[in-house]
$ cat start_16.csv   # CSV, C-alpha atoms
chain,number,residue,atom,x,y,z
A,1,MET,CA,-0.7,224.7,232.3
A,2,GLN,CA,1.2,225.6,229.1
A,3,SER,CA,1.9,229.2,228.3
A,4,ARG,CA,1.0,230.7,224.9
A,5,ASP,CA,4.7,230.7,223.9
A,6,GLU,CA,4.9,226.9,224.5
A,7,LEU,CA,2.0,226.4,222.1
A,8,MET,CA,3.6,228.1,219.1
A,9,TYR,CA,4.0,225.2,216.7
A,10,ASN,CA,6.5,225.3,213.7
A,11,TYR,CA,5.9,223.8,210.3
A,12,GLU,CA,7.8,220.7,211.1
A,13,ASP,CA,5.4,220.0,213.9
A,14,PHE,CA,2.6,219.6,211.3
A,15,THR,CA,4.6,217.1,209.3
A,16,TRP,CA,6.2,214.9,212.0
A,17,ILE,CA,3.2,212.6,212.3
A,18,PRO,CA,3.1,211.5,208.6
A,19,THR,CA,6.9,211.4,208.6
A,20,ILE,CA,7.2,209.1,211.6
A,21,SER,CA,4.3,207.0,210.2
A,22,TYR,CA,6.1,206.2,207.0
A,23,ARG,CA,9.4,205.6,208.9
A,24,LEU,CA,7.6,202.7,210.6
A,25,CYS,CA,8.3,200.8,207.4
A,26,GLY,CA,11.7,202.4,206.8
A,27,PHE,CA,10.5,204.9,204.2
A,28,ASP,CA,10.7,208.6,204.1
A,29,VAL,CA,8.9,210.7,201.5
A,30,LEU,CA,11.1,213.7,202.2
A,31,ASP,CA,14.3,211.7,201.9
A,32,THR,CA,16.8,214.4,200.8
A,33,PRO,CA,20.5,214.0,200.1
A,34,ASN,CA,21.6,216.1,203.1
A,35,LYS,CA,19.5,213.9,205.4
A,36,PRO,CA,19.9,210.3,204.1
A,37,ARG,CA,18.2,207.4,205.8
A,38,PRO,CA,20.4,205.0,207.8
A,39,LEU,CA,21.4,201.9,206.0
A,40,TRP,CA,19.4,199.7,208.4
A,41,MET,CA,16.2,201.6,207.7
A,42,LYS,CA,16.7,201.2,203.9
A,43,LEU,CA,17.3,197.5,204.3
A,44,TYR,CA,14.2,197.2,206.5
A,45,HIS,CA,12.1,199.0,203.9
A,46,TRP,CA,13.3,196.8,201.1
A,47,ALA,CA,12.6,193.7,203.3
A,48,CYS,CA,9.0,195.0,203.6
A,49,VAL,CA,8.8,195.6,199.8
A,50,CYS,CA,10.2,192.2,198.9
A,51,SER,CA,8.0,190.4,201.5
A,52,HIS,CA,5.0,192.3,200.0
A,53,ILE,CA,5.8,191.2,196.5
A,54,CYS,CA,6.3,187.6,197.6
A,55,CYS,CA,3.0,187.5,199.4
A,56,VAL,CA,1.1,189.1,196.6
A,57,CYS,CA,2.6,186.6,194.1
A,58,PHE,CA,1.5,183.7,196.4
A,59,MET,CA,-2.0,185.3,196.7
A,60,PHE,CA,-2.6,185.5,193.0
A,61,ARG,CA,-1.1,182.0,192.6
A,62,ARG,CA,-3.8,180.6,194.9
A,63,ILE,CA,-6.5,182.6,193.1
A,64,ILE,CA,-5.4,181.1,189.7
A,65,GLU,CA,-5.1,177.6,191.1
A,66,ARG,CA,-8.6,177.9,192.9
A,67,ASP,CA,-8.0,174.5,194.6
A,68,THR,CA,-7.7,176.0,198.1
A,69,ILE,CA,-10.5,178.5,197.8
A,70,ASN,CA,-13.3,176.1,198.5
A,71,ASN,CA,-15.9,178.0,200.5
A,72,ILE,CA,-17.7,181.4,200.6
A,73,SER,CA,-15.7,182.5,203.7
A,74,LEU,CA,-12.4,182.1,201.8
A,75,VAL,CA,-13.9,183.9,198.8
A,76,MET,CA,-14.7,186.9,201.0
A,77,ARG,CA,-11.3,186.7,202.6
A,78,TYR,CA,-9.5,186.8,199.2
A,79,ALA,CA,-11.8,189.6,198.0
A,80,THR,CA,-10.8,191.6,201.0
A,81,LEU,CA,-7.1,191.0,200.5
A,82,VAL,CA,-7.2,191.8,196.8
A,83,THR,CA,-9.0,195.1,197.3
A,84,TYR,CA,-6.8,196.1,200.2
A,85,VAL,CA,-3.7,195.3,198.3
A,86,VAL,CA,-4.8,197.4,195.3
A,87,ASN,CA,-5.7,200.3,197.7
A,88,SER,CA,-2.3,200.1,199.5
A,89,ASP,CA,-0.2,199.7,196.4
A,90,THR,CA,-2.0,202.7,194.8
A,91,LYS,CA,-1.1,204.9,197.8
A,92,TYR,CA,2.4,203.5,198.0
A,93,GLY,CA,2.8,204.4,194.3
A,94,THR,CA,1.6,207.9,195.1
A,95,SER,CA,4.3,208.3,197.8
A,96,GLN,CA,7.0,207.5,195.3
A,97,GLN,CA,6.6,211.0,193.8
A,98,LYS,CA,9.3,212.2,196.1
A,99,GLN,CA,10.3,215.3,194.1
A,100,ALA,CA,6.6,216.5,193.9
A,101,PHE,CA,6.2,215.9,197.7
A,102,GLN,CA,9.4,217.8,198.4
A,103,ARG,CA,8.5,220.7,196.1
A,104,LEU,CA,5.1,221.0,197.6
A,105,ASN,CA,6.4,220.7,201.2
A,106,GLY,CA,9.0,223.4,200.5
A,107,LYS,CA,6.4,225.8,199.2
A,108,LEU,CA,4.1,225.3,202.2
A,109,ALA,CA,7.1,225.7,204.6
A,110,GLU,CA,7.9,229.0,203.0
A,111,LEU,CA,4.3,230.2,203.5
A,112,PHE,CA,4.2,229.1,207.1
A,113,PRO,CA,4.2,232.0,209.5
A,114,LYS,CA,7.5,232.6,211.2
A,115,THR,CA,7.0,235.2,213.9
A,116,LYS,CA,5.0,234.8,217.1
A,117,GLN,CA,2.4,237.4,216.1
A,118,SER,CA,2.0,236.0,212.7
A,119,LYS,CA,1.4,232.5,214.2
A,120,ILE,CA,-1.3,234.0,216.4
A,121,ASP,CA,-2.9,235.7,213.5
A,122,HIS,CA,-2.9,232.5,211.5
A,123,ARG,CA,-4.3,230.6,214.5
A,124,VAL,CA,-1.6,228.0,214.1
A,125,ASP,CA,-2.4,226.2,217.4
A,126,GLU,CA,-6.1,225.7,216.3
A,127,TYR,CA,-5.0,223.9,213.2
A,128,TYR,CA,-2.5,221.6,214.8
A,129,TRP,CA,-3.3,217.9,214.9
A,130,PRO,CA,-6.3,217.4,217.1
A,131,ARG,CA,-6.3,214.8,219.8
A,132,PRO,CA,-9.1,212.7,218.3
A,133,THR,CA,-7.1,212.4,215.1
A,134,ILE,CA,-4.0,211.2,217.0
A,135,VAL,CA,-6.2,208.7,218.8
A,136,LEU,CA,-7.6,207.5,215.5
A,137,ILE,CA,-4.1,206.9,214.2
A,138,VAL,CA,-3.1,204.9,217.2
A,139,VAL,CA,-6.3,202.8,217.2
A,140,TYR,CA,-5.8,202.2,213.4
A,141,TYR,CA,-2.3,200.9,213.8
A,142,GLY,CA,-3.3,198.9,216.9
A,143,SER,CA,-6.3,197.2,215.2
A,144,SER,CA,-4.2,196.5,212.1
A,145,ALA,CA,-1.5,194.9,214.2
A,146,MET,CA,-4.1,192.8,216.0
A,147,VAL,CA,-5.3,191.4,212.6
A,148,VAL,CA,-1.8,190.0,212.1
A,149,LEU,CA,-1.0,189.1,215.7
A,150,GLY,CA,-4.4,187.6,216.3
A,151,PRO,CA,-3.6,184.1,214.9
A,152,LEU,CA,-0.4,184.0,217.0
A,153,LEU,CA,-2.3,184.9,220.1
A,154,GLN,CA,-4.9,182.3,219.2
A,155,SER,CA,-2.3,179.6,218.8
A,156,GLY,CA,-0.8,180.6,222.1
A,157,TYR,CA,-4.2,180.4,223.8
A,158,ILE,CA,-4.8,176.9,222.4
A,159,TYR,CA,-1.4,175.8,223.5
A,160,LEU,CA,-2.1,177.0,227.1
A,161,MET,CA,-5.6,175.4,227.1
A,162,GLU,CA,-4.9,172.2,225.2
A,163,ASN,CA,-1.2,171.8,225.3
A,164,ARG,CA,-0.8,171.9,221.5
A,165,PHE,CA,0.3,174.6,219.2
A,166,SER,CA,-2.0,175.1,216.2
A,167,TYR,CA,0.4,177.0,213.9
A,168,VAL,CA,-2.3,179.4,212.8
A,169,HIS,CA,-1.1,182.4,210.7
A,170,CYS,CA,-2.7,185.4,209.1
A,171,TYR,CA,-3.2,184.8,205.4
A,172,PRO,CA,-4.7,181.8,203.7
A,173,TYR,CA,-2.4,181.6,200.7
A,174,TYR,CA,0.5,180.1,202.7
A,175,ILE,CA,-0.3,176.5,203.6
A,176,PHE,CA,1.6,175.0,206.5
A,177,ASP,CA,1.4,171.5,207.7
A,178,PRO,CA,3.2,171.0,211.1
A,179,ASP,CA,3.3,167.2,210.6
A,180,GLN,CA,5.3,167.5,207.3
A,181,ASP,CA,6.8,171.0,207.1
A,182,PRO,CA,9.8,172.1,209.3
A,183,LEU,CA,9.2,174.6,212.1
A,184,TRP,CA,11.5,177.3,210.6
A,185,GLN,CA,9.1,177.5,207.6
A,186,TYR,CA,6.3,178.6,210.0
A,187,PHE,CA,8.4,181.4,211.4
A,188,LEU,CA,9.4,182.4,207.8
A,189,ILE,CA,5.8,182.6,206.8
A,190,TYR,CA,4.8,184.7,209.8
A,191,THR,CA,7.8,187.0,209.2
A,192,LEU,CA,6.8,187.5,205.5
A,193,GLU,CA,3.2,188.1,206.5
A,194,TRP,CA,4.2,190.6,209.2
A,195,LEU,CA,6.4,192.7,206.8
A,196,HIS,CA,3.8,192.4,204.0
A,197,SER,CA,1.1,193.8,206.4
A,198,THR,CA,3.4,196.5,207.7
A,199,LEU,CA,4.0,197.9,204.2
A,200,MET,CA,0.3,197.8,203.3
A,201,VAL,CA,-1.1,199.3,206.6
A,202,ILE,CA,1.5,202.1,206.7
A,203,SER,CA,1.2,203.0,203.1
A,204,ASN,CA,-2.6,203.1,203.5
A,205,MET,CA,-2.4,205.4,206.6
A,206,SER,CA,0.7,207.5,205.9
A,207,THR,CA,-0.2,208.7,202.4
A,208,ASP,CA,-3.5,210.0,203.7
A,209,LEU,CA,-1.8,211.6,206.6
A,210,TRP,CA,0.5,213.5,204.2
A,211,LEU,CA,-2.6,214.6,202.3
A,212,VAL,CA,-4.3,215.8,205.5
A,213,SER,CA,-1.2,217.6,206.6
A,214,PHE,CA,-1.0,219.5,203.3
A,215,GLU,CA,-4.7,220.3,203.3
A,216,VAL,CA,-4.6,221.6,206.9
A,217,GLN,CA,-2.0,224.1,205.7
A,218,ILE,CA,-4.2,225.2,202.8
A,219,CYS,CA,-7.2,225.6,205.2
A,220,MET,CA,-5.2,227.7,207.6
A,221,HIS,CA,-4.0,230.1,204.9
A,222,PHE,CA,-7.5,230.4,203.4
A,223,ASP,CA,-8.9,231.2,206.8
A,224,TYR,CA,-6.3,233.8,207.4
A,225,ILE,CA,-6.8,235.5,204.1
A,226,ALA,CA,-10.6,235.7,204.6
A,227,ARG,CA,-10.3,237.1,208.1
A,228,SER,CA,-7.6,239.6,207.1
A,229,LEU,CA,-9.6,240.8,204.1
A,230,GLU,CA,-12.8,241.2,206.0
A,231,ASN,CA,-11.2,243.1,208.9
A,232,TYR,CA,-9.1,245.4,206.8
A,233,LYS,CA,-10.3,249.0,206.3
A,234,PRO,CA,-8.8,250.7,203.3
A,235,ASN,CA,-8.7,254.5,202.9
A,236,SER,CA,-7.9,256.7,199.9
A,237,THR,CA,-5.4,258.6,202.0
A,238,ARG,CA,-3.3,255.4,202.6
A,239,ASP,CA,-3.1,254.4,198.9
A,240,PRO,CA,0.5,252.9,199.0
A,241,LYS,CA,-0.3,250.8,202.1
A,242,ASP,CA,-3.6,249.7,200.8
A,243,ARG,CA,-2.0,248.7,197.4
A,244,LYS,CA,0.6,246.6,199.2
A,245,PHE,CA,-2.0,244.9,201.4
A,246,ILE,CA,-4.3,243.9,198.5
A,247,SER,CA,-1.5,242.9,196.2
A,248,GLN,CA,-0.2,240.5,199.0
A,249,ILE,CA,-3.7,239.1,199.3
A,250,VAL,CA,-4.1,238.6,195.6
A,251,ASN,CA,-0.7,236.9,195.3
A,252,ARG,CA,-1.2,234.7,198.4
A,253,HIS,CA,-4.7,233.7,197.1
A,254,ASN,CA,-3.2,232.8,193.7
A,255,ASP,CA,-0.4,230.8,195.4
A,256,LEU,CA,-2.9,228.8,197.4
A,257,LEU,CA,-5.0,227.9,194.4
A,258,GLU,CA,-1.9,226.7,192.6
A,259,LEU,CA,-0.8,224.7,195.6
A,260,GLN,CA,-4.2,223.0,195.7
A,261,GLU,CA,-3.8,222.1,192.1
A,262,GLU,CA,-0.4,220.6,192.9
A,263,ILE,CA,-2.1,218.5,195.7
A,264,ASN,CA,-4.7,217.3,193.3
A,265,GLY,CA,-1.9,216.4,190.8
A,266,ILE,CA,-0.1,214.3,193.4
A,267,PHE,CA,-3.0,212.6,195.2
A,268,GLY,CA,-5.9,213.0,192.7
A,269,SER,CA,-5.1,209.9,190.6
A,270,SER,CA,-5.0,207.7,193.7
A,271,LEU,CA,-8.0,209.2,195.5
A,272,LEU,CA,-10.7,207.8,193.1
A,273,LEU,CA,-9.3,204.3,193.1
A,274,SER,CA,-8.8,204.6,196.9
A,275,LEU,CA,-12.4,205.4,197.5
A,276,LEU,CA,-13.6,202.6,195.3
A,277,THR,CA,-11.3,200.0,196.8
A,278,THR,CA,-12.1,201.2,200.3
A,279,ALA,CA,-15.8,200.6,199.7
A,280,GLY,CA,-14.9,197.1,198.5
A,281,VAL,CA,-12.8,196.4,201.6
A,282,PHE,CA,-15.7,197.6,203.8
A,283,CYS,CA,-18.2,195.3,202.0
A,284,THR,CA,-16.0,192.2,202.1
A,285,VAL,CA,-14.8,192.7,205.7
A,286,ALA,CA,-18.4,193.2,206.8
A,287,VAL,CA,-19.6,190.0,205.1
A,288,TYR,CA,-16.5,188.0,206.3
A,289,THR,CA,-16.9,189.2,209.9
A,290,GLN,CA,-20.6,188.3,209.9
A,291,MET,CA,-19.8,184.8,208.7
A,292,GLN,CA,-17.0,184.3,211.2
A,293,GLY,CA,-19.1,185.4,214.2
A,294,LEU,CA,-18.0,187.2,217.4
A,295,ASN,CA,-14.5,185.9,218.0
A,296,LEU,CA,-11.1,187.6,218.3
A,297,GLU,CA,-10.6,187.8,214.5
A,298,GLY,CA,-14.1,189.2,214.0
A,299,ILE,CA,-13.7,191.8,216.7
A,300,THR,CA,-10.3,193.0,215.3
A,301,TYR,CA,-11.8,193.2,211.8
A,302,VAL,CA,-14.7,195.3,213.1
A,303,VAL,CA,-12.4,197.7,214.9
A,304,PHE,CA,-10.2,197.9,211.8
A,305,MET,CA,-13.2,198.6,209.6
A,306,LEU,CA,-14.4,201.4,211.9
A,307,THR,CA,-11.0,203.1,212.0
A,308,ALA,CA,-10.5,202.7,208.2
A,309,SER,CA,-13.9,204.4,207.6
A,310,SER,CA,-12.8,207.2,210.0
A,311,LEU,CA,-9.7,207.7,208.0
A,312,VAL,CA,-11.8,208.1,204.8
A,313,TYR,CA,-14.0,210.5,206.7
A,314,LEU,CA,-11.0,212.5,207.8
A,315,VAL,CA,-9.8,213.0,204.2
A,316,CYS,CA,-13.3,213.9,203.1
A,317,TYR,CA,-13.7,216.3,206.0
A,318,TYR,CA,-10.6,218.3,205.0
A,319,GLY,CA,-11.7,218.3,201.4
A,320,GLU,CA,-15.0,219.8,202.5
A,321,LYS,CA,-13.2,222.4,204.7
A,322,VAL,CA,-10.9,223.5,201.9
A,323,LYS,CA,-13.9,224.2,199.7
A,324,THR,CA,-15.8,226.0,202.4
A,325,LEU,CA,-12.9,228.2,203.5
A,326,SER,CA,-12.0,229.1,200.0
A,327,THR,CA,-15.6,230.4,199.4
A,328,TYR,CA,-15.4,232.5,202.5
A,329,ILE,CA,-12.9,234.7,200.7
A,330,THR,CA,-15.7,235.9,198.4
A,331,ASN,CA,-17.9,236.8,201.4
A,332,ALA,CA,-15.0,238.6,203.1
A,333,ALA,CA,-14.4,240.6,200.0
A,334,TYR,CA,-18.0,241.7,199.8
A,335,ASN,CA,-18.4,242.3,203.6
A,336,HIS,CA,-15.3,244.4,204.3
A,337,ASN,CA,-15.4,248.2,204.1
A,338,TRP,CA,-14.2,248.7,200.5
A,339,SER,CA,-16.2,251.8,199.7
A,340,ASP,CA,-13.4,254.2,200.6
A,341,ALA,CA,-10.7,252.2,198.8
A,342,PRO,CA,-8.8,253.7,195.8
A,343,PRO,CA,-9.7,252.4,192.3
A,344,ASP,CA,-6.7,250.1,192.0
A,345,TYR,CA,-7.7,248.5,195.3
A,346,LYS,CA,-11.2,247.8,194.0
A,347,LYS,CA,-9.8,246.3,190.8
A,348,SER,CA,-7.7,243.9,192.7
A,349,LEU,CA,-10.7,243.1,194.9
A,350,LEU,CA,-12.6,242.1,191.8
A,351,ILE,CA,-9.8,239.8,190.8
A,352,ILE,CA,-10.1,238.0,194.2
A,353,ILE,CA,-13.8,237.8,193.9
A,354,ALA,CA,-13.6,236.4,190.3
A,355,ARG,CA,-11.1,233.7,191.4
A,356,ALA,CA,-13.0,232.8,194.5
A,357,GLN,CA,-16.2,232.1,192.5
A,358,ARG,CA,-14.7,228.7,191.6
A,359,PRO,CA,-13.7,227.4,195.0
A,360,ALA,CA,-10.5,225.4,195.6
A,361,GLU,CA,-11.4,221.7,195.8
A,362,LEU,CA,-9.7,218.4,196.6
A,363,THR,CA,-10.6,216.3,193.6
A,364,ALA,CA,-10.1,212.7,192.5
A,365,MET,CA,-8.9,212.4,188.9
A,366,GLY,CA,-9.6,216.1,188.5
A,367,TYR,CA,-13.4,215.8,188.3
A,368,LEU,CA,-14.8,214.1,191.4
A,369,PRO,CA,-14.8,216.5,194.4
A,370,VAL,CA,-13.8,214.9,197.7
A,371,SER,CA,-16.1,216.2,200.4
A,372,LEU,CA,-18.5,215.0,203.1
A,373,ASP,CA,-21.0,214.3,200.4
A,374,THR,CA,-18.5,211.9,198.8
A,375,PHE,CA,-18.1,210.1,202.1
A,376,LYS,CA,-21.9,209.7,202.4
A,377,GLN,CA,-22.1,208.3,198.9
A,378,VAL,CA,-19.3,205.8,199.6
A,379,MET,CA,-21.0,204.7,202.8
A,380,THR,CA,-24.4,204.4,201.0
A,381,VAL,CA,-22.9,202.4,198.1
A,382,THR,CA,-21.0,200.2,200.6
A,383,TYR,CA,-24.2,199.4,202.6
A,384,ARG,CA,-26.1,198.5,199.4
A,385,VAL,CA,-23.4,196.3,198.0
A,386,PHE,CA,-23.0,194.6,201.5
A,387,ALA,CA,-26.8,194.0,201.6
A,388,LEU,CA,-26.7,192.5,198.1
A,389,ILE,CA,-23.8,190.2,198.8
A,390,ARG,CA,-25.3,189.0,202.1
A,391,GLN,CA,-28.6,188.3,200.3
A,392,MET,CA,-26.8,186.4,197.5
A,393,ILE,CA,-25.0,184.3,200.1
A,394,GLU,CA,-28.1,183.5,202.1
$ encode --input "start_16.csv" --output "structure tokens"
Amino acid sequence: MQSRDELMYNYEDFTWIPTISYRLCGFDVLDTPNKPRPLWMKLYHWACVCSHICCVCFMFRRIIERDTINNISLVMRYATLVTYVVNSDTKYGTSQQKQAFQRLNGKLAELFPKTKQSKIDHRVDEYYWPRPTIVLIVVYYGSSAMVVLGPLLQSGYIYLMENRFSYVHCYPYYIFDPDQDPLWQYFLIYTLEWLHSTLMVISNMSTDLWLVSFEVQICMHFDYIARSLENYKPNSTRDPKDRKFISQIVNRHNDLLELQEEINGIFGSSLLLSLLTTAGVFCTVAVYTQMQGLNLEGITYVVFMLTASSLVYLVCYYGEKVKTLSTYITNAAYNHNWSDAPPDYKKSLLIIIARAQRPAELTAMGYLPVSLDTFKQVMTVTYRVFALIRQMIE
């Protein structure tokens, strides 16, 4: 069993998961001059980007031609691909704000408790990545990989059963005819599709993981402020000590509100579009899966859809938690024993109460709060649109 000392996490422990996640496609949001990425990683990342651009161009070419989109199943497939591309590209664009990421990351690193006792007071271990979240990340990547690997596994199975290779691949906008096209073209198509999917899946997951990582820090500090304020007992005989304590609380509270605004500035513009496109992906995937039936592709799409919805829930959950913990500060200010405090202390307390009247919120485009209610609304709209599309098809 681990001792308490072994469970003392540092700030880097909270950011290693989103950092490693983005490095799976050769990208690093915190790429600084003193820690440059290896050349092979940069080349790999640009291979993913170029493959993605190539695949998107072919996708829109097929949509414009319309000759190969000749049934409802393909319409749903293309609708899924378009919405997922928009969602992924929006999040990838968000990750390109490297200076903003680095600045926010640096500020939160400075606020992170350094000493053992301070880490205990902040309950650092309780806010570390929970195991269910790590399992969700692994399942999300696994189900996403199966969506791409599924056609290859299907082709291998047909080869074993029928002694013929079917040359099935993932996306419908590349047309391969084994009787006319050379074999190397099939492997080129599959490589392009794999790198294209890698960039989309990792951008989708990693940007949200960075958002969650930052929000966890904000939650931890709000919680610490509320508990510290509620448990503190000021006394008129300790005026200098009380002034120092309340001034630190006021400054820390103000810093956290400003940091939350920075988070909204970085992620807010992509959150709204992300919620809309995610709902679109859920609808089209659900309809497509129902039409395909219970096969390997259908099962992988169902697992993917469940993990994707869990990711949206995770973001909304921490948006809700930030709002809740920031309002606790007002309760803590009212509940702690302030009657014996000096006048300056009470004035500072009023400042905290006034600021906490408007809770910190994770918002999309600055006006749509992201919370558990938002998740419920997204799921409700998704179900209604899914029911409408299914009725139209039937």
$ residues_near_point --input "start_16.csv" --point "(-2.7, 221.0, 214.0)" --cutoff "9 Å" --atoms "only C-alpha atoms" --output "PyMOL selection string"
chain A and resi 9+13-14+124-130+213+216-217
$ residues_around --input "start_16.csv" --residues "Val312 in chain A" --least-positions-apart "6" --cutoff "12 Å" --atoms "only C-alpha atoms" --output "PyMOL selection string"
chain A and resi 136+204-205+207-209+211-212+271-272+274-279+282+305-306+318-319+370-379
$ residues_around --input "start_16.csv" --residues "Asn231 in chain A" --least-positions-apart "4" --cutoff "9 Å" --atoms "all atoms listed in the file" --output "PDB file with C-alpha atoms, in the frame of the given file"
ATOM      1  CA  ALA A 226     -10.600 235.700 204.600  1.00  0.00           C
ATOM      2  CA  ARG A 227     -10.300 237.100 208.100  1.00  0.00           C
ATOM      3  CA  ALA A 332     -15.000 238.600 203.100  1.00  0.00           C
ATOM      4  CA  ASN A 335     -18.400 242.300 203.600  1.00  0.00           C
ATOM      5  CA  HIS A 336     -15.300 244.400 204.300  1.00  0.00           C
ATOM      6  CA  ASN A 337     -15.400 248.200 204.100  1.00  0.00           C
TER       7      ASN A 337
END
$ atom_distance --input "start_16.csv" --atom1 "CA of Met146 in chain A" --atom2 "CA of Ile63 in chain A"
25.2 Å
$ closest_residue --input "start_16.csv" --among "A:Val168, A:Ile225, A:Leu259, A:Gln102" --to "Phe245 in chain A" --atoms "only C-alpha atoms"
A:Ile225
$ residues_near_point --input "start_16.csv" --point "(-4.3, 187.0, 215.8)" --cutoff "10 Å" --atoms "all atoms listed in the file" --output "MDAnalysis selection string"
chainID A and resid 145:156 168:170 296:297 300
$ closest_residue --input "start_16.csv" --among "A:Ala387, A:Ala79, A:Val29, A:Ile120" --to "Trp210 in chain A" --atoms "all atoms listed in the file"
A:Val29
$ residues_around --input "start_16.csv" --residues "Lys347 in chain A" --least-positions-apart "2" --cutoff "12 Å" --atoms "only C-alpha atoms" --output "PyMOL selection string"
chain A and resi 243+246-247+250+333+338+341-345+349-354
$ closest_residue --input "start_16.csv" --among "A:Tyr174, A:Val75, A:Leu188, A:His45" --to "Arg61 in chain A" --atoms "only C-alpha atoms"
A:Tyr174
$ residues_around --input "start_16.csv" --residues "Leu24 in chain A" --least-positions-apart "2" --cutoff "12 Å" --atoms "only C-alpha atoms" --output "mmCIF file with C-alpha atoms, keeping the file's coordinate frame"
data_model
loop_
_atom_site.group_PDB
_atom_site.id
_atom_site.type_symbol
_atom_site.label_atom_id
_atom_site.label_comp_id
_atom_site.auth_asym_id
_atom_site.auth_seq_id
_atom_site.Cartn_x
_atom_site.Cartn_y
_atom_site.Cartn_z
ATOM 1 C CA ILE A 17 3.200 212.600 212.300
ATOM 2 C CA PRO A 18 3.100 211.500 208.600
ATOM 3 C CA THR A 19 6.900 211.400 208.600
ATOM 4 C CA ILE A 20 7.200 209.100 211.600
ATOM 5 C CA SER A 21 4.300 207.000 210.200
ATOM 6 C CA TYR A 22 6.100 206.200 207.000
ATOM 7 C CA GLY A 26 11.700 202.400 206.800
ATOM 8 C CA PHE A 27 10.500 204.900 204.200
ATOM 9 C CA ASP A 28 10.700 208.600 204.100
ATOM 10 C CA MET A 41 16.200 201.600 207.700
ATOM 11 C CA LYS A 42 16.700 201.200 203.900
ATOM 12 C CA TYR A 44 14.200 197.200 206.500
ATOM 13 C CA HIS A 45 12.100 199.000 203.900
ATOM 14 C CA CYS A 48 9.000 195.000 203.600
ATOM 15 C CA TYR A 141 -2.300 200.900 213.800
ATOM 16 C CA LEU A 195 6.400 192.700 206.800
ATOM 17 C CA SER A 197 1.100 193.800 206.400
ATOM 18 C CA THR A 198 3.400 196.500 207.700
ATOM 19 C CA LEU A 199 4.000 197.900 204.200
ATOM 20 C CA MET A 200 0.300 197.800 203.300
ATOM 21 C CA VAL A 201 -1.100 199.300 206.600
ATOM 22 C CA ILE A 202 1.500 202.100 206.700
ATOM 23 C CA SER A 203 1.200 203.000 203.100
ATOM 24 C CA MET A 205 -2.400 205.400 206.600
ATOM 25 C CA SER A 206 0.700 207.500 205.900
#
$ atom_distance --input "start_16.csv" --atom1 "CA of Leu311 in chain A" --atom2 "CA of Gly280 in chain A"
15.2 Å
$ atom_distance --input "start_16.csv" --atom1 "CA of Gln248 in chain A" --atom2 "CA of Trp16 in chain A"
29.4 Å
$ closest_residue --input "start_16.csv" --among "A:Ile134, A:Leu368, A:Met291, A:Leu81" --to "Met59 in chain A" --atoms "all atoms listed in the file"
A:Leu81
$ decode --input "start_16.csv" --residues "range 273-284 of chain A" --atoms "N, CA and C atoms" --output "compact mmCIF listing (two decimals), in the first residue's frame"
# COMPACT_ATOMS: atom_id res chain seq x y z
N LEU A 273 -19.61 25.26 -30.96
CA LEU A 273 -19.61 24.48 -32.20
C LEU A 273 -19.37 23.00 -31.90
N SER A 274 -18.55 22.73 -30.89
CA SER A 274 -18.28 21.35 -30.50
C SER A 274 -19.54 20.66 -30.00
N LEU A 275 -20.33 21.35 -29.18
CA LEU A 275 -21.57 20.77 -28.67
C LEU A 275 -22.55 20.49 -29.80
N LEU A 276 -22.65 21.44 -30.75
CA LEU A 276 -23.58 21.27 -31.86
C LEU A 276 -23.16 20.11 -32.78
N THR A 277 -21.88 20.08 -33.13
CA THR A 277 -21.42 19.03 -34.04
C THR A 277 -21.42 17.67 -33.35
N THR A 278 -21.15 17.65 -32.04
CA THR A 278 -21.20 16.38 -31.32
C THR A 278 -22.61 15.81 -31.35
N ALA A 279 -23.60 16.66 -31.16
CA ALA A 279 -24.99 16.20 -31.27
C ALA A 279 -25.27 15.66 -32.67
N GLY A 280 -24.73 16.34 -33.68
CA GLY A 280 -24.91 15.86 -35.05
C GLY A 280 -24.26 14.50 -35.28
N VAL A 281 -23.05 14.32 -34.73
CA VAL A 281 -22.36 13.03 -34.86
C VAL A 281 -23.16 11.92 -34.19
N PHE A 282 -23.70 12.20 -32.99
CA PHE A 282 -24.50 11.19 -32.28
C PHE A 282 -25.70 10.75 -33.14
N CYS A 283 -26.38 11.73 -33.72
CA CYS A 283 -27.58 11.42 -34.51
C CYS A 283 -27.24 10.55 -35.72
N THR A 284 -26.26 11.00 -36.49
CA THR A 284 -25.94 10.29 -37.72
C THR A 284 -25.33 8.92 -37.45
